[in-house]
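Participant: Following this line is entry.csv, made up of CSV, C-alpha atoms:
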chain,number,residue,atom,x,y,z
A,1,MET,CA,-12.8,19.6,-8.6
A,2,SER,CA,-12.3,16.1,-7.2
A,3,LEU,CA,-10.1,14.9,-4.4
A,4,TYR,CA,-8.7,11.4,-3.6
A,5,SER,CA,-7.7,10.9,0.0
A,6,GLY,CA,-5.8,7.8,1.0
A,7,PRO,CA,-2.3,6.3,1.3
A,8,ILE,CA,0.1,6.9,-1.6
A,9,LYS,CA,0.9,3.1,-1.8
A,10,PRO,CA,-2.0,1.2,-0.2
A,11,GLU,CA,-0.9,-2.0,-1.8
A,12,GLU,CA,2.1,-2.0,0.5
A,13,ALA,CA,0.1,-1.6,3.7
A,14,GLY,CA,1.1,-4.2,6.3
A,15,ALA,CA,-2.2,-4.0,8.2
A,16,VAL,CA,-5.4,-2.1,8.1
A,17,VAL,CA,-8.4,-1.8,10.4
A,18,TYR,CA,-10.8,-1.9,7.5
A,19,LYS,CA,-11.0,-4.8,5.0
A,20,SER,CA,-13.3,-4.8,2.0
A,21,GLN,CA,-16.3,-7.0,2.1
A,22,LYS,CA,-16.0,-7.5,-1.7
A,23,ARG,CA,-12.2,-7.8,-2.0
A,24,ASP,CA,-9.3,-9.3,-0.2
A,25,CYS,CA,-7.3,-6.1,0.0
A,26,ALA,CA,-7.0,-2.9,2.1
A,27,ARG,CA,-9.4,-0.3,1.0
A,28,VAL,CA,-8.9,2.9,2.7
A,29,GLY,CA,-9.5,5.6,0.1
A,30,TRP,CA,-12.1,8.4,-0.1
A,31,LEU,CA,-13.0,10.1,-3.3
A,32,GLY,CA,-14.9,13.4,-3.4
A,33,THR,CA,-16.3,14.4,-6.7
A,34,GLY,CA,-17.4,18.0,-6.2
A,35,ASP,CA,-19.7,19.0,-9.1
A,36,ALA,CA,-18.4,16.5,-11.6
A,37,CYS,CA,-20.9,15.5,-14.3
A,38,PHE,CA,-21.2,11.7,-14.9
A,39,LEU,CA,-24.0,11.5,-17.4
A,40,ASP,CA,-22.2,10.0,-20.4
A,41,PRO,CA,-19.9,7.0,-20.8
A,42,GLN,CA,-17.0,9.0,-22.3
A,43,THR,CA,-16.8,11.4,-19.3
A,44,VAL,CA,-17.0,8.5,-16.9
A,45,ARG,CA,-14.2,6.6,-18.7
A,46,LYS,CA,-12.0,9.8,-18.7
A,47,TYR,CA,-12.5,10.2,-15.0
A,48,GLN,CA,-11.7,6.5,-14.4
A,49,ASP,CA,-8.6,6.8,-16.5
A,50,HIS,CA,-7.5,9.8,-14.5
A,51,TYR,CA,-8.0,8.0,-11.2
A,52,SER,CA,-7.0,4.6,-12.5
A,53,GLU,CA,-4.4,4.0,-9.8
A,54,GLU,CA,-6.7,5.0,-6.9
A,55,LEU,CA,-10.1,3.5,-7.8
A,56,ASP,CA,-9.4,0.0,-6.6
A,57,TRP,CA,-8.6,1.5,-3.1
A,58,VAL,CA,-11.7,3.7,-2.8
A,59,THR,CA,-14.2,2.5,-0.2
A,60,THR,CA,-16.1,5.8,0.3
A,61,PHE,CA,-17.4,7.7,-2.7
A,62,MET,CA,-19.0,11.1,-2.4
A,63,LEU,CA,-21.7,11.7,-5.1
A,64,PRO,CA,-21.4,14.8,-7.2
A,65,HIS,CA,-23.6,17.9,-6.7
A,66,HIS,CA,-25.5,16.6,-3.6
A,67,GLY,CA,-26.6,13.5,-5.5
A,68,SER,CA,-28.4,15.4,-8.3
A,69,GLU,CA,-29.7,13.4,-11.2
A,70,HIS,CA,-28.4,16.2,-13.4
A,71,ASN,CA,-24.8,15.2,-12.4
A,72,PHE,CA,-25.0,11.4,-12.0
A,73,ASP,CA,-26.4,8.4,-13.8
A,74,PRO,CA,-26.5,5.3,-11.6
A,75,ASP,CA,-26.3,3.2,-14.7
A,76,LEU,CA,-22.8,4.5,-15.3
A,77,PRO,CA,-21.0,3.4,-12.1
A,78,VAL,CA,-17.8,5.4,-11.6
A,79,VAL,CA,-16.3,3.2,-8.9
A,80,ASP,CA,-17.1,0.0,-6.9
A,81,ALA,CA,-17.3,1.7,-3.6
A,82,GLU,CA,-18.9,0.2,-0.5
A,83,LEU,CA,-20.1,3.5,1.0
A,84,TRP,CA,-21.7,6.2,-1.1
A,85,ILE,CA,-22.3,9.5,0.6
A,86,VAL,CA,-24.0,12.7,-0.2
A,87,ALA,CA,-23.9,16.1,1.5
A,88,ALA,CA,-27.3,17.6,1.1
A,89,GLN,CA,-29.4,19.9,3.2
A,90,PRO,CA,-32.7,20.5,1.3
A,91,LYS,CA,-33.5,24.2,1.6
A,92,ASN,CA,-35.7,23.9,-1.4
A,93,SER,CA,-37.7,20.6,-1.7
A,94,SER,CA,-38.0,21.0,-5.5
A,95,TRP,CA,-34.2,20.2,-5.8
A,96,LYS,CA,-34.7,16.6,-4.7
A,97,HIS,CA,-31.1,16.2,-3.5
A,98,PRO,CA,-30.3,13.4,-3.4
A,99,ALA,CA,-32.4,12.1,-6.3
A,100,PRO,CA,-34.5,9.2,-5.1
A,101,GLY,CA,-33.6,7.0,-8.1
A,102,ILE,CA,-29.9,7.4,-7.4
A,103,VAL,CA,-30.4,6.4,-3.7
A,104,LYS,CA,-32.5,3.4,-4.8
A,105,ALA,CA,-29.9,2.2,-7.3
A,106,ILE,CA,-27.0,2.5,-4.9
A,107,LYS,CA,-28.9,0.5,-2.2
A,108,ALA,CA,-30.0,-2.1,-4.8
A,109,SER,CA,-26.3,-2.6,-5.7
A,110,GLY,CA,-25.6,-3.8,-2.2
A,111,ALA,CA,-23.6,-0.7,-1.3
A,112,LYS,CA,-24.3,1.4,1.8
A,113,PHE,CA,-25.7,4.9,1.4
A,114,ARG,CA,-25.4,7.8,3.8
A,115,LYS,CA,-26.8,11.3,3.6
A,116,VAL,CA,-25.0,13.9,5.6
A,117,GLY,CA,-26.6,17.3,6.4
A,118,SER,CA,-26.5,20.0,9.0
A,119,SER,CA,-28.1,17.8,11.7
A,120,PRO,CA,-25.6,16.4,14.2
A,121,ASN,CA,-27.4,13.0,13.8
A,122,SER,CA,-26.1,12.8,10.3
A,123,LEU,CA,-22.5,13.0,11.2
A,124,LEU,CA,-20.2,10.6,9.4
A,125,VAL,CA,-16.9,9.6,11.1
A,126,GLU,CA,-14.5,7.3,9.3
A,127,ARG,CA,-11.3,6.1,10.9
A,128,MET,CA,-8.7,4.0,9.2
A,129,VAL,CA,-5.4,2.8,10.7
A,130,VAL,CA,-2.7,2.0,8.2
A,131,PHE,CA,0.9,1.0,8.8
A,132,TRP,CA,3.6,-0.5,6.7
A,133,PRO,CA,6.0,-3.3,7.7
A,134,GLY,CA,9.3,-1.9,9.0
Could the structure of this file be written out as structure tokens, please?

Facilitator:
Amino acid sequence: MSLYSGPIKPEEAGAVVYKSQKRDCARVGWLGTGDACFLDPQTVRKYQDHYSEELDWVTTFMLPHHGSEHNFDPDLPVVDAELWIVAAQPKNSSWKHPAPGIVKAIKASGAKFRKVGSSPNSLLVERMVVFWPG
């Protein structure tokens, strides 16, 4: 299950606290991917088609299945997000969540990466202020 969180009509926003570094538009969307499997181009294209109206507004993208290499291929980018996050608490070090190659590829793309776990030090807080002209 995936979830997009953001304004219904972000293109009509009058002002936004956050502006994209890459685009001249308001980007205030968050996309969580659950355990989606993005390992082949056809699956990625179907996902992109389904979220076609939201993808340009996504600034924060949550990697599927704790950043597992069994669910995500960094050579098949799903979205051009600026912040990629993963929720992972390694109880078993053999799981290697998130996969080091995925983290390396994200950082090499110029995007930010953040791992969130049970430690309070890993807390991620995002705040966006959006309003529309009256």

Participant: Between CA of Phe72 (chain A) and CA of Ala111 (chain A), what is the spacing in Å?

Facilitator: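 Between CA of Ala111 (chain A) and CA of Phe72 (chain A) the gap is 16.2 Å.
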
Participant: When you draw a straight line from CA of Pro98 (chain A) to CA of Arg45 (chain A), how long is it in Å?

Facilitator: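 Taking CA of Pro98 (chain A) as the start and CA of Arg45 (chain A) as the end point, the length is 23.2 Å.
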
Participant: Within 7 Å of Glu82 (chain A), counting all atoms listed in the file, which residues show up once you throw out same-chain ones fewer than 6 positions away? Write them as JSON, numbers by chain, please.

Facilitator: {"A": [59, 60, 111, 112]}

Participant: Mind giving me the straight-line distance from CA of Glu11 (chain A) to CA of Leu76 (chain A) in Å, one decimal?

Facilitator: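 Here the two named atoms are 26.5 Å from each other.
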
Participant: For Asp80 (chain A), list every protein, DNA or RNA residue within 10 Å, evaluated using only C-alpha atoms, and leave out those in the same chain fewer than 6 positions away; present the list as number ranges by chain.

Facilitator: A: 22, 55-61, 109, 111

Participant: Restricting the calculation to all atoms listed in the file, which member of A:Cys37, A:Leu3, A:Leu123, A:Val116 is positioned closest to Ala87 (chain A)?

Facilitator: A:Val116

Participant: Using only C-alpha atoms, which protein or nucleic acid residues come within 9 Å of Glu69 (chain A)? Drop anything in the same chain fewer than 6 positions from it, and give the result as a ChimeraX atom specification.

Facilitator: /A:39,96-102

Participant: Ranking A:Pro77, A:Pro7, A:Pro64, A:Gly117 by minimum distance to Pro41 (chain A) and counting all atoms listed in the file, which one comes first?

Facilitator: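 Smallest distance to Pro41 (chain A) is found for A:Pro77.
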
Participant: Show which residues sit within 7 Å of Val86 (chain A), as a PyMOL selection string. Count only C-alpha atoms, and ignore same-chain residues fewer than 2 positions away.

Facilitator: chain A and resi 62-63+66-67+84+88+114-116

Participant: Atoms to include: C-alpha atoms. Write the selected residues as a PDB file, keeping the file's coordinate frame.

Facilitator:
ATOM      1  CA  MET A  62     -19.000  11.100  -2.400  1.00  0.00           C
ATOM      2  CA  LEU A  63     -21.700  11.700  -5.100  1.00  0.00           C
ATOM      3  CA  HIS A  66     -25.500  16.600  -3.600  1.00  0.00           C
ATOM      4  CA  GLY A  67     -26.600  13.500  -5.500  1.00  0.00           C
ATOM      5  CA  TRP A  84     -21.700   6.200  -1.100  1.00  0.00           C
ATOM      6  CA  ALA A  88     -27.300  17.600   1.100  1.00  0.00           C
ATOM      7  CA  ARG A 114     -25.400   7.800   3.800  1.00  0.00           C
ATOM      8  CA  LYS A 115     -26.800  11.300   3.600  1.00  0.00           C
ATOM      9  CA  VAL A 116     -25.000  13.900   5.600  1.00  0.00           C
TER      10      VAL A 116
END

Participant: Using only C-alpha atoms, pick whichever of A:Ala108, A:Val78, A:Thr33, A:Asp73 has the shortest atom-to-atom distance to Asp49 (chain A).

Facilitator: A:Val78

Participant: Tell me which of A:Ser5, A:Gln89, A:Ser68, A:Ser122 sits closest to Gly32 (chain A), counting all atoms listed in the file.

Facilitator: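 Closest candidate: A:Ser5.
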
Participant: Considering all atoms listed in the file, return as a ChimeraX atom specification whatever protein or nucleic-acid residues lie within 8 Å of Met1 (chain A), sequence-local ones (same chain, fewer than 3 positions apart) excluded.

Facilitator: /A:33-36
